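work-v9.json follows (JSON, C-alpha atoms):
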```
[["chain", "number", "residue", "atom", "x", "y", "z"],
["A", 1, "MET", "CA", 0.00, 0.00, 0.00],
["A", 2, "ILE", "CA", 1.46, 3.38, -0.97],
["A", 3, "GLY", "CA", 1.23, 6.58, 1.07],
["A", 4, "CYS", "CA", 0.07, 10.10, 0.14],
["A", 5, "ASP", "CA", 3.54, 11.35, -0.89],
["A", 6, "LYS", "CA", 4.09, 8.55, -3.37],
["A", 7, "ALA", "CA", 0.51, 8.83, -4.68],
["A", 8, "ARG", "CA", 0.78, 12.59, -5.26],
["A", 9, "GLU", "CA", 4.10, 12.13, -6.99],
["A", 10, "LEU", "CA", 2.51, 9.77, -9.52],
["A", 11, "ILE", "CA", -0.88, 11.46, -9.99],
["A", 12, "PRO", "CA", 0.16, 13.46, -13.13],
["A", 13, "TRP", "CA", 0.96, 10.19, -14.91],
["A", 14, "TYR", "CA", -2.14, 8.52, -13.49],
["A", 15, "VAL", "CA", -4.03, 11.35, -15.19],
["A", 16, "ASN", "CA", -2.26, 10.89, -18.54],
["A", 17, "ASN", "CA", -2.78, 7.13, -18.24],
["A", 18, "THR", "CA", 0.84, 6.07, -18.71],
["A", 19, "LEU", "CA", 1.56, 4.33, -15.39],
["A", 20, "ALA", "CA", 2.43, 0.66, -15.31],
["A", 21, "GLU", "CA", -0.56, -1.51, -14.40],
["A", 22, "ASP", "CA", 0.63, -2.27, -10.87],
["A", 23, "GLU", "CA", 1.36, 1.41, -10.15],
["A", 24, "ALA", "CA", -2.07, 2.49, -11.45],
["A", 25, "ARG", "CA", -3.71, -0.19, -9.30],
["A", 26, "GLU", "CA", -1.86, 1.05, -6.19],
["A", 27, "ILE", "CA", -2.88, 4.65, -6.85],
["A", 28, "ALA", "CA", -6.53, 3.66, -7.42],
["A", 29, "SER", "CA", -6.52, 1.71, -4.18],
["A", 30, "HIS", "CA", -4.98, 4.64, -2.28],
["A", 31, "LEU", "CA", -7.43, 7.14, -3.80],
["A", 32, "ALA", "CA", -10.38, 5.02, -2.71],
["A", 33, "GLY", "CA", -9.51, 5.68, 0.93],
["A", 34, "CYS", "CA", -7.95, 9.18, 0.77],
["A", 35, "PRO", "CA", -10.16, 12.25, 0.14],
["A", 36, "THR", "CA", -7.16, 14.61, 0.21],
["A", 37, "CYS", "CA", -5.48, 12.76, -2.66],
["A", 38, "ARG", "CA", -8.81, 12.58, -4.51],
["A", 39, "GLU", "CA", -8.89, 16.39, -4.35],
["A", 40, "GLU", "CA", -5.29, 16.42, -5.62],
["A", 41, "LEU", "CA", -6.40, 14.16, -8.49],
["A", 42, "ALA", "CA", -9.32, 16.47, -9.35],
["A", 43, "GLN", "CA", -6.93, 19.44, -9.47],
["A", 44, "ALA", "CA", -4.50, 17.53, -11.69],
["A", 45, "VAL", "CA", -7.31, 16.58, -14.08],
["A", 46, "ARG", "CA", -8.43, 20.23, -14.31],
["A", 47, "LEU", "CA", -4.86, 21.37, -14.86],
["A", 48, "SER", "CA", -4.37, 18.73, -17.53],
["A", 49, "TRP", "CA", -7.46, 19.92, -19.46],
["A", 50, "GLU", "CA", -6.42, 23.53, -19.19],
["A", 51, "LEU", "CA", -2.88, 22.85, -20.26],
["A", 52, "ARG", "CA", -3.98, 20.77, -23.23],
["A", 53, "ALA", "CA", -6.36, 23.52, -24.38],
["A", 54, "ALA", "CA", -3.67, 26.13, -23.89],
["A", 55, "PHE", "CA", -0.95, 24.18, -25.74],
["A", 56, "ASP", "CA", -3.44, 23.61, -28.55],
["A", 57, "ARG", "CA", -3.58, 27.38, -28.96],
["A", 58, "ILE", "CA", 0.09, 27.57, -29.86],
["A", 59, "PRO", "CA", 0.27, 28.17, -33.62],
["A", 60, "THR", "CA", 1.04, 25.37, -36.02],
["A", 61, "VAL", "CA", 4.22, 25.30, -38.03],
["A", 62, "PRO", "CA", 4.14, 27.44, -41.22],
["A", 63, "GLU", "CA", 4.03, 25.60, -44.56],
["A", 64, "ARG", "CA", 7.35, 27.18, -45.57],
["A", 65, "VAL", "CA", 9.10, 24.86, -43.11],
["A", 66, "TRP", "CA", 7.89, 21.83, -45.10],
["A", 67, "GLU", "CA", 9.18, 23.46, -48.28],
["A", 68, "LYS", "CA", 12.61, 23.87, -46.69],
["A", 69, "VAL", "CA", 12.65, 20.31, -45.33],
["A", 70, "ARG", "CA", 11.50, 18.91, -48.67],
["A", 71, "THR", "CA", 14.20, 20.85, -50.50],
["A", 72, "ARG", "CA", 16.87, 19.59, -48.13],
["A", 73, "ALA", "CA", 15.64, 16.02, -48.28],
["A", 74, "GLN", "CA", 15.43, 15.95, -52.03],
["A", 75, "GLY", "CA", 18.51, 17.97, -52.86],
["A", 76, "ILE", "CA", 18.78, 21.57, -53.88],
["A", 77, "SER", "CA", 17.98, 22.54, -57.43],
["A", 78, "LEU", "CA", 21.21, 23.76, -58.98],
["A", 79, "ALA", "CA", 19.96, 24.67, -62.42],
["A", 80, "ARG", "CA", 16.58, 25.00, -64.05],
["A", 81, "ILE", "CA", 15.47, 25.84, -67.55],
["A", 82, "ASP", "CA", 11.80, 26.65, -68.22],
["A", 83, "VAL", "CA", 10.11, 27.36, -71.49],
["A", 84, "GLY", "CA", 6.42, 28.23, -71.64],
["A", 85, "SER", "CA", 3.67, 30.82, -71.64],
["A", 86, "PHE", "CA", 1.23, 31.68, -68.87],
["A", 87, "LEU", "CA", -2.15, 31.33, -70.57],
["A", 88, "LEU", "CA", -1.63, 28.53, -73.02],
["A", 89, "GLY", "CA", 1.50, 26.62, -73.68],
["A", 90, "LEU", "CA", 3.82, 23.85, -72.89],
["A", 91, "SER", "CA", 6.29, 24.16, -70.08],
["A", 92, "LEU", "CA", 9.40, 22.05, -70.14],
["A", 93, "GLY", "CA", 11.64, 21.92, -67.12],
["A", 94, "LEU", "CA", 15.00, 20.35, -66.48],
["A", 95, "SER", "CA", 16.57, 20.62, -63.09],
["A", 96, "ILE", "CA", 19.66, 19.05, -61.63],
["A", 97, "THR", "CA", 19.67, 18.33, -57.93],
["A", 98, "ARG", "CA", 22.51, 18.13, -55.49],
["A", 99, "SER", "CA", 22.09, 14.38, -55.54],
["A", 100, "GLY", "CA", 23.15, 14.56, -59.19],
["A", 101, "ILE", "CA", 19.93, 13.03, -60.46],
["A", 102, "PRO", "CA", 18.49, 15.17, -63.26],
["A", 103, "LYS", "CA", 14.73, 15.71, -63.21],
["A", 104, "PHE", "CA", 12.60, 16.32, -66.25],
["A", 105, "LYS", "CA", 9.21, 17.86, -65.98],
["A", 106, "SER", "CA", 6.69, 18.84, -68.60],
["A", 107, "ASP", "CA", 3.25, 20.30, -68.26],
["A", 108, "LEU", "CA", 0.57, 21.94, -70.36],
["A", 109, "ARG", "CA", -1.00, 25.18, -69.19],
["A", 110, "LEU", "CA", -4.57, 25.98, -70.09],
["A", 111, "LEU", "CA", -5.73, 29.41, -68.95],
["A", 112, "GLY", "CA", -3.20, 29.35, -66.21],
["A", 113, "ARG", "CA", -4.21, 25.86, -64.95],
["A", 114, "LYS", "CA", -1.34, 23.41, -64.95],
["A", 115, "VAL", "CA", -1.86, 19.92, -66.36],
["A", 116, "ALA", "CA", 1.14, 17.70, -65.68],
["A", 117, "LEU", "CA", 2.27, 15.65, -68.67],
["A", 118, "PHE", "CA", 5.48, 14.10, -67.46],
["A", 119, "ASN", "CA", 7.52, 14.22, -64.29],
["A", 120, "SER", "CA", 10.59, 12.06, -63.81],
["A", 121, "SER", "CA", 10.49, 12.64, -60.04],
["A", 122, "LYS", "CA", 6.93, 11.43, -59.54],
["A", 123, "GLY", "CA", 7.94, 9.36, -56.51],
["A", 124, "GLY", "CA", 9.62, 12.39, -54.98],
["A", 125, "LEU", "CA", 8.53, 14.64, -52.14],
["A", 126, "LYS", "CA", 5.48, 16.71, -52.97],
["B", 127, "MET", "CA", -3.57, 6.48, -39.38],
["B", 128, "PRO", "CA", -0.56, 4.35, -40.36],
["B", 129, "ASP", "CA", 1.57, 2.90, -37.56],
["B", 130, "THR", "CA", 4.39, 5.32, -36.75],
["B", 131, "ARG", "CA", 7.11, 2.65, -36.63],
["B", 132, "ASP", "CA", 5.99, 1.40, -40.01],
["B", 133, "LEU", "CA", 6.12, 4.95, -41.37],
["B", 134, "LEU", "CA", 9.62, 5.45, -40.03],
["B", 135, "ALA", "CA", 10.78, 2.14, -41.53],
["B", 136, "ARG", "CA", 9.42, 3.28, -44.89],
["B", 137, "VAL", "CA", 11.18, 6.63, -44.48],
["B", 138, "ALA", "CA", 14.41, 4.70, -43.92],
["B", 139, "ARG", "CA", 13.78, 3.08, -47.33],
["B", 140, "ARG", "CA", 13.41, 6.60, -48.80],
["B", 141, "ASP", "CA", 9.63, 6.46, -49.19],
["B", 142, "ALA", "CA", 8.71, 10.10, -49.82],
["B", 143, "ARG", "CA", 4.99, 9.63, -49.12],
["B", 144, "ALA", "CA", 5.75, 8.07, -45.76],
["B", 145, "PHE", "CA", 7.99, 11.03, -44.94],
["B", 146, "ARG", "CA", 5.21, 13.48, -45.80],
["B", 147, "ALA", "CA", 2.84, 11.51, -43.53],
["B", 148, "LEU", "CA", 5.39, 11.42, -40.70],
["B", 149, "TYR", "CA", 5.99, 15.16, -41.13],
["B", 150, "THR", "CA", 2.24, 15.78, -40.93],
["B", 151, "GLN", "CA", 2.05, 13.76, -37.70],
["B", 152, "TYR", "CA", 5.03, 15.40, -35.99],
["B", 153, "ALA", "CA", 5.92, 18.85, -37.37],
["B", 154, "ASP", "CA", 3.31, 20.80, -35.38],
["B", 155, "ARG", "CA", 4.10, 18.86, -32.22],
["B", 156, "VAL", "CA", 7.84, 19.46, -32.60],
["B", 157, "PHE", "CA", 7.18, 23.14, -33.36],
["B", 158, "ARG", "CA", 5.04, 23.53, -30.23],
["B", 159, "TYR", "CA", 7.63, 21.72, -28.12],
["B", 160, "ALA", "CA", 10.38, 23.96, -29.51],
["B", 161, "LEU", "CA", 8.29, 27.08, -28.98],
["B", 162, "THR", "CA", 7.56, 26.01, -25.40],
["B", 163, "LEU", "CA", 11.29, 25.59, -24.81],
["B", 164, "LEU", "CA", 12.58, 28.61, -26.72],
["B", 165, "HIS", "CA", 9.74, 31.18, -26.78],
["B", 166, "ASN", "CA", 10.86, 32.29, -30.22],
["B", 167, "ARG", "CA", 9.04, 31.43, -33.45],
["B", 168, "HIS", "CA", 12.05, 31.79, -35.75],
["B", 169, "LEU", "CA", 14.13, 29.48, -33.62],
["B", 170, "ALA", "CA", 11.22, 27.05, -33.23],
["B", 171, "GLU", "CA", 10.85, 26.91, -37.02],
["B", 172, "GLU", "CA", 14.56, 26.27, -37.33],
["B", 173, "VAL", "CA", 14.40, 23.48, -34.76],
["B", 174, "THR", "CA", 11.46, 21.90, -36.60],
["B", 175, "GLN", "CA", 13.26, 22.11, -39.92],
["B", 176, "GLU", "CA", 16.51, 20.66, -38.54],
["B", 177, "THR", "CA", 14.66, 17.94, -36.65],
["B", 178, "MET", "CA", 12.58, 16.73, -39.58],
["B", 179, "ALA", "CA", 15.58, 16.88, -41.91],
["B", 180, "ALA", "CA", 17.50, 14.79, -39.35],
["B", 181, "VAL", "CA", 14.59, 12.31, -39.22],
["B", 182, "TRP", "CA", 14.77, 11.91, -43.00],
["B", 183, "LYS", "CA", 18.53, 11.48, -42.85],
["B", 184, "GLY", "CA", 18.68, 9.26, -39.78],
["B", 185, "ALA", "CA", 15.51, 7.15, -39.99],
["B", 186, "GLY", "CA", 17.64, 4.07, -40.66],
["B", 187, "SER", "CA", 19.51, 4.55, -37.38],
["B", 188, "PHE", "CA", 16.36, 4.35, -35.21],
["B", 189, "SER", "CA", 17.08, 1.42, -32.93],
["B", 190, "GLY", "CA", 13.50, 0.67, -31.91],
["B", 191, "ARG", "CA", 14.39, 0.65, -28.21],
["B", 192, "SER", "CA", 12.23, 3.72, -27.56],
["B", 193, "GLN", "CA", 8.99, 5.09, -28.95],
["B", 194, "VAL", "CA", 9.30, 6.97, -32.23],
["B", 195, "SER", "CA", 7.93, 10.09, -30.52],
["B", 196, "THR", "CA", 10.63, 9.93, -27.81],
["B", 197, "TRP", "CA", 13.29, 9.57, -30.51],
["B", 198, "ILE", "CA", 11.96, 12.55, -32.51],
["B", 199, "PHE", "CA", 11.54, 14.76, -29.44],
["B", 200, "GLY", "CA", 15.07, 13.80, -28.39],
["B", 201, "ILE", "CA", 16.39, 15.10, -31.73],
["B", 202, "ALA", "CA", 14.29, 18.27, -31.34],
["B", 203, "ARG", "CA", 15.63, 18.84, -27.85],
["B", 204, "ASN", "CA", 19.24, 18.48, -29.00],
["B", 205, "GLN", "CA", 18.57, 20.90, -31.85],
["B", 206, "ALA", "CA", 16.96, 23.40, -29.48],
["B", 207, "HIS", "CA", 19.92, 23.28, -27.12],
["B", 208, "THR", "CA", 22.37, 23.65, -30.01],
["B", 209, "LEU", "CA", 20.50, 26.78, -31.11],
["B", 210, "LEU", "CA", 20.39, 28.11, -27.56],
["B", 211, "ARG", "CA", 24.17, 27.73, -27.30],
["B", 212, "ARG", "CA", 24.57, 29.52, -30.64],
["B", 213, "GLU", "CA", 22.25, 32.31, -29.54],
["B", 214, "ALA", "CA", 24.09, 32.68, -26.24],
["B", 215, "LYS", "CA", 27.29, 33.42, -28.18],
["B", 216, "GLY", "CA", 25.65, 36.01, -30.42],
["B", 217, "GLU", "CA", 22.83, 38.47, -30.05],
["B", 218, "ARG", "CA", 19.88, 37.06, -28.13],
["B", 219, "ARG", "CA", 16.57, 37.43, -29.92],
["B", 220, "PRO", "CA", 13.81, 38.75, -27.64],
["B", 221, "ASP", "CA", 11.36, 36.25, -26.17],
["B", 222, "GLU", "CA", 7.87, 36.24, -27.65],
["B", 223, "ALA", "CA", 4.44, 35.33, -26.30],
["B", 224, "LEU", "CA", 3.43, 31.83, -27.31],
["B", 225, "PHE", "CA", 0.46, 33.15, -29.30],
["B", 226, "LEU", "CA", -1.17, 36.42, -30.28],
["B", 227, "PRO", "CA", -3.64, 37.86, -27.73],
["B", 228, "ASP", "CA", -7.35, 37.16, -28.32],
["B", 229, "PRO", "CA", -10.05, 38.95, -26.29],
["B", 230, "ALA", "CA", -12.48, 35.93, -26.10],
["B", 231, "PRO", "CA", -12.95, 34.90, -22.42],
["B", 232, "ALA", "CA", -12.11, 31.20, -22.92],
["B", 233, "VAL", "CA", -9.02, 32.19, -24.83],
["B", 234, "GLU", "CA", -8.10, 34.66, -22.13],
["B", 235, "ARG", "CA", -7.94, 31.79, -19.64],
["B", 236, "GLU", "CA", -5.78, 29.76, -22.04],
["B", 237, "GLU", "CA", -3.49, 32.75, -22.39],
["B", 238, "ARG", "CA", -3.20, 32.97, -18.61],
["B", 239, "VAL", "CA", -2.36, 29.27, -18.45],
["B", 240, "LEU", "CA", 0.30, 29.61, -21.13],
["B", 241, "ALA", "CA", 1.66, 32.74, -19.48],
["B", 242, "ALA", "CA", 1.93, 30.79, -16.22],
["B", 243, "VAL", "CA", 3.74, 27.96, -18.04],
["B", 244, "GLY", "CA", 6.04, 30.62, -19.49],
["B", 245, "THR", "CA", 7.13, 31.68, -16.01],
["B", 246, "LEU", "CA", 8.35, 28.17, -15.16],
["B", 247, "PRO", "CA", 12.03, 27.35, -15.55],
["B", 248, "GLU", "CA", 12.71, 25.59, -18.87],
["B", 249, "GLU", "CA", 13.39, 22.27, -17.12],
["B", 250, "GLN", "CA", 9.91, 22.30, -15.56],
["B", 251, "ARG", "CA", 8.19, 23.69, -18.66],
["B", 252, "GLU", "CA", 9.24, 20.81, -20.82],
["B", 253, "ILE", "CA", 8.15, 18.20, -18.29],
["B", 254, "VAL", "CA", 4.71, 19.82, -18.12],
["B", 255, "PHE", "CA", 4.49, 19.85, -21.93],
["B", 256, "LEU", "CA", 5.71, 16.27, -22.36],
["B", 257, "THR", "CA", 3.40, 14.93, -19.64],
["B", 258, "PHE", "CA", 0.16, 16.79, -20.28],
["B", 259, "TYR", "CA", 0.37, 17.49, -24.00],
["B", 260, "GLU", "CA", 2.43, 14.61, -25.33],
["B", 261, "ASN", "CA", 1.19, 12.09, -22.77],
["B", 262, "LEU", "CA", 4.62, 10.61, -22.16],
["B", 263, "SER", "CA", 5.23, 8.41, -19.14],
["B", 264, "TYR", "CA", 7.69, 9.61, -16.50],
["B", 265, "ARG", "CA", 10.00, 6.78, -17.58],
["B", 266, "ALA", "CA", 9.94, 7.94, -21.21],
["B", 267, "ILE", "CA", 10.61, 11.52, -20.09],
["B", 268, "ALA", "CA", 13.54, 10.39, -17.92],
["B", 269, "ASN", "CA", 14.90, 8.49, -20.91],
["B", 270, "LEU", "CA", 14.41, 11.45, -23.27],
["B", 271, "LEU", "CA", 16.03, 13.96, -20.92],
["B", 272, "ALA", "CA", 18.66, 11.50, -19.69],
["B", 273, "ILE", "CA", 17.84, 12.26, -16.03],
["B", 274, "PRO", "CA", 16.73, 10.01, -13.15],
["B", 275, "GLU", "CA", 13.01, 9.23, -12.85],
["B", 276, "GLY", "CA", 13.00, 10.85, -9.39],
["B", 277, "THR", "CA", 14.16, 14.13, -10.96],
["B", 278, "VAL", "CA", 11.26, 14.05, -13.42],
["B", 279, "LYS", "CA", 8.83, 13.58, -10.54],
["B", 280, "SER", "CA", 10.37, 16.34, -8.42],
["B", 281, "ARG", "CA", 10.39, 18.81, -11.34],
["B", 282, "MET", "CA", 6.73, 18.04, -11.92],
["B", 283, "TYR", "CA", 5.97, 18.54, -8.24],
["B", 284, "HIS", "CA", 7.53, 22.02, -8.28],
["B", 285, "ALA", "CA", 5.91, 22.90, -11.63],
["B", 286, "LYS", "CA", 2.46, 21.93, -10.36],
["B", 287, "ARG", "CA", 2.90, 23.95, -7.21],
["B", 288, "ARG", "CA", 3.97, 27.05, -9.15],
["B", 289, "LEU", "CA", 1.14, 26.68, -11.65],
["B", 290, "ALA", "CA", -1.41, 26.31, -8.85],
["B", 291, "GLU", "CA", -0.09, 29.50, -7.25],
["B", 292, "ALA", "CA", -0.17, 31.41, -10.53],
["B", 293, "LEU", "CA", -3.61, 30.23, -11.63],
["B", 294, "GLY", "CA", -5.35, 30.31, -8.26]]
```
Before anything else, please render the file you have as structure tokens.
Amino acid sequence: MIGCDKARELIPWYVNNTLAEDEAREIASHLAGCPTCREELAQAVRLSWELRAAFDRIPTVPERVWEKVRTRAQGISLARIDVGSFLLGLSLGLSITRSGIPKFKSDLRLLGRKVALFNSSKGGLK
Amino acid sequence: MPDTRDLLARVARRDARAFRALYTQYADRVFRYALTLLHNRHLAEEVTQETMAAVWKGAGSFSGRSQVSTWIFGIARNQAHTLLRREAKGERRPDEALFLPDPAPAVEREERVLAAVGTLPEEQREIVFLTFYENLSYRAIANLLAIPEGTVKSRMYHAKRRLAEALG
């Protein structure tokens, strides 16, 4: 049987449900007979809700970070040649990445909407 | 949602889709962890970028002895401390609030809670975040921070006491 000190020490992880089975059983058994620790548990539950809601308010990571990670993971474009027109035309692209693997890309533009025709890096990071 | 270990194994085999999925699962969480530690958006973005790039590069070295989340947060923590050391040598960027103020009453309470978290020492702040937001066990936190389990518990004890005082 555990005492109040040990129970209070473990209550935060009883609340987040990550204690080992035997530890959780001991806490539950202690709580059943200890109103003071039950009040401690209620406070920890309230704090847990409030903290979760508050941390959820922290902004999410901007999309530009993914672009940077993707570029680093895939290799940095060293050279690129594009031919095409904005409204209607065929765009041809050739880029060489740091990894040394050339990538060919071709797409048709209709009224500014891009329709991919060919992309040698189809399995790459989007 | 695909199993995280499976995703990481696919990332190790250079599966770009798996990496995008893993990024989607973890980038915001790493960013929030970094922001909680550093209180600076630019640095938190940098930590997220470095961490996820390191995950892509080092997925094959994941030993499987810990949870994937513990491994990724461990990388993020190392990156954050590397940046902090770099910042300490140069000009320190000013700390920022964790989010922009919003006058709605419920949000006001959340702001107070985050402000109270912000007053905790970094070592207590991260234990609060990892316990109540990431739902890590005290053993996983001890492993991640490379500190004894008793230290995790005592930091939590002090953090809780300070938060209770600040929030009434």
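If you look at CA of Phe199 in chain B and CA of Ile27 in chain A, they are 28.6 Å away from each other.
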Could you list, as a short mmCIF file (atom, residue, chain, number, x, y, z; two decimals) with C-alpha atoms, keeping the file's coordinate frame, every residue within 12 Å of range 30-40 of chain A, counting all atoms listed in the file and ignoring same-chain residues fewer than 5 positions away?
```
data_model
loop_
_atom_site.label_atom_id
_atom_site.label_comp_id
_atom_site.auth_asym_id
_atom_site.auth_seq_id
_atom_site.Cartn_x
_atom_site.Cartn_y
_atom_site.Cartn_z
CA MET A 1 0.00 0.00 0.00
CA ILE A 2 1.46 3.38 -0.97
CA GLY A 3 1.23 6.58 1.07
CA CYS A 4 0.07 10.10 0.14
CA ASP A 5 3.54 11.35 -0.89
CA LYS A 6 4.09 8.55 -3.37
CA ALA A 7 0.51 8.83 -4.68
CA ARG A 8 0.78 12.59 -5.26
CA GLU A 9 4.10 12.13 -6.99
CA LEU A 10 2.51 9.77 -9.52
CA ILE A 11 -0.88 11.46 -9.99
CA PRO A 12 0.16 13.46 -13.13
CA TYR A 14 -2.14 8.52 -13.49
CA VAL A 15 -4.03 11.35 -15.19
CA GLU A 23 1.36 1.41 -10.15
CA ALA A 24 -2.07 2.49 -11.45
CA ARG A 25 -3.71 -0.19 -9.30
CA VAL A 45 -7.31 16.58 -14.08
CA ARG A 46 -8.43 20.23 -14.31
CA LEU A 47 -4.86 21.37 -14.86
CA TYR B 283 5.97 18.54 -8.24
CA LYS B 286 2.46 21.93 -10.36
CA ARG B 287 2.90 23.95 -7.21
CA ALA B 290 -1.41 26.31 -8.85
#
```
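For Ile198 in chain B, the residues within 9 Å (counting all atoms listed in the file, excluding itself and residues fewer than 4 positions away along the chain) are Tyr152, Val156, Thr177, Met178, Val181, Gln193, Val194, Ala202 and Arg203 of chain B.
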* Kindly provide, as a ChimeraX atom specification, the residues of chain B having any atom no farther than 7 Å from an atom of chain A, counting only C-alpha atoms. => /B:142-143,153-154,157-158,171,175,178-179,182,224-225,236-237,239-240,258-259,261-264,279,283
Residues near Val278 in chain B, anyone? I mean within 9 Å using all atoms listed in the file, not counting same-chain ones fewer than 2 positions away, as a tab-separated table (two decimals) with C-alpha atoms, keeping the file's coordinate frame.
```
chain	number	residue	atom	x	y	z
B	250	GLN	CA	9.91	22.30	-15.56
B	253	ILE	CA	8.15	18.20	-18.29
B	264	TYR	CA	7.69	9.61	-16.50
B	265	ARG	CA	10.00	6.78	-17.58
B	267	ILE	CA	10.61	11.52	-20.09
B	268	ALA	CA	13.54	10.39	-17.92
B	271	LEU	CA	16.03	13.96	-20.92
B	273	ILE	CA	17.84	12.26	-16.03
B	274	PRO	CA	16.73	10.01	-13.15
B	275	GLU	CA	13.01	9.23	-12.85
B	276	GLY	CA	13.00	10.85	-9.39
B	280	SER	CA	10.37	16.34	-8.42
B	281	ARG	CA	10.39	18.81	-11.34
B	282	MET	CA	6.73	18.04	-11.92
B	283	TYR	CA	5.97	18.54	-8.24
```
* Structure fact -> One decimal place gives the CA of Leu270 in chain B-CA of Glu252 in chain B separation as 11.0 Å
If I put a ball of radius 12 Å at (11.8, 29.5, -26.6) in the file's coordinates, which residues poke into it when counting all atoms listed in the file, written as a tab-separated table (two decimals) with C-alpha atoms, in the coordinates of the input?
```tsv
chain	number	residue	atom	x	y	z
B	157	PHE	CA	7.18	23.14	-33.36
B	158	ARG	CA	5.04	23.53	-30.23
B	159	TYR	CA	7.63	21.72	-28.12
B	160	ALA	CA	10.38	23.96	-29.51
B	161	LEU	CA	8.29	27.08	-28.98
B	162	THR	CA	7.56	26.01	-25.40
B	163	LEU	CA	11.29	25.59	-24.81
B	164	LEU	CA	12.58	28.61	-26.72
B	165	HIS	CA	9.74	31.18	-26.78
B	166	ASN	CA	10.86	32.29	-30.22
B	167	ARG	CA	9.04	31.43	-33.45
B	168	HIS	CA	12.05	31.79	-35.75
B	169	LEU	CA	14.13	29.48	-33.62
B	170	ALA	CA	11.22	27.05	-33.23
B	171	GLU	CA	10.85	26.91	-37.02
B	172	GLU	CA	14.56	26.27	-37.33
B	173	VAL	CA	14.40	23.48	-34.76
B	203	ARG	CA	15.63	18.84	-27.85
B	206	ALA	CA	16.96	23.40	-29.48
B	207	HIS	CA	19.92	23.28	-27.12
B	209	LEU	CA	20.50	26.78	-31.11
B	210	LEU	CA	20.39	28.11	-27.56
B	213	GLU	CA	22.25	32.31	-29.54
B	218	ARG	CA	19.88	37.06	-28.13
B	219	ARG	CA	16.57	37.43	-29.92
B	220	PRO	CA	13.81	38.75	-27.64
B	221	ASP	CA	11.36	36.25	-26.17
B	222	GLU	CA	7.87	36.24	-27.65
B	223	ALA	CA	4.44	35.33	-26.30
B	224	LEU	CA	3.43	31.83	-27.31
B	243	VAL	CA	3.74	27.96	-18.04
B	244	GLY	CA	6.04	30.62	-19.49
B	245	THR	CA	7.13	31.68	-16.01
B	247	PRO	CA	12.03	27.35	-15.55
B	248	GLU	CA	12.71	25.59	-18.87
B	251	ARG	CA	8.19	23.69	-18.66
B	252	GLU	CA	9.24	20.81	-20.82
```
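Picture a line from CA of Thr174 in chain B to CA of Trp197 in chain B; it runs 13.9 Å.
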* Looking at B:Leu148, B:Ile201, B:Ala214, B:Ala135, which one is nearest to Glu176 in chain B, with distances taken over only C-alpha atoms? -> B:Ile201
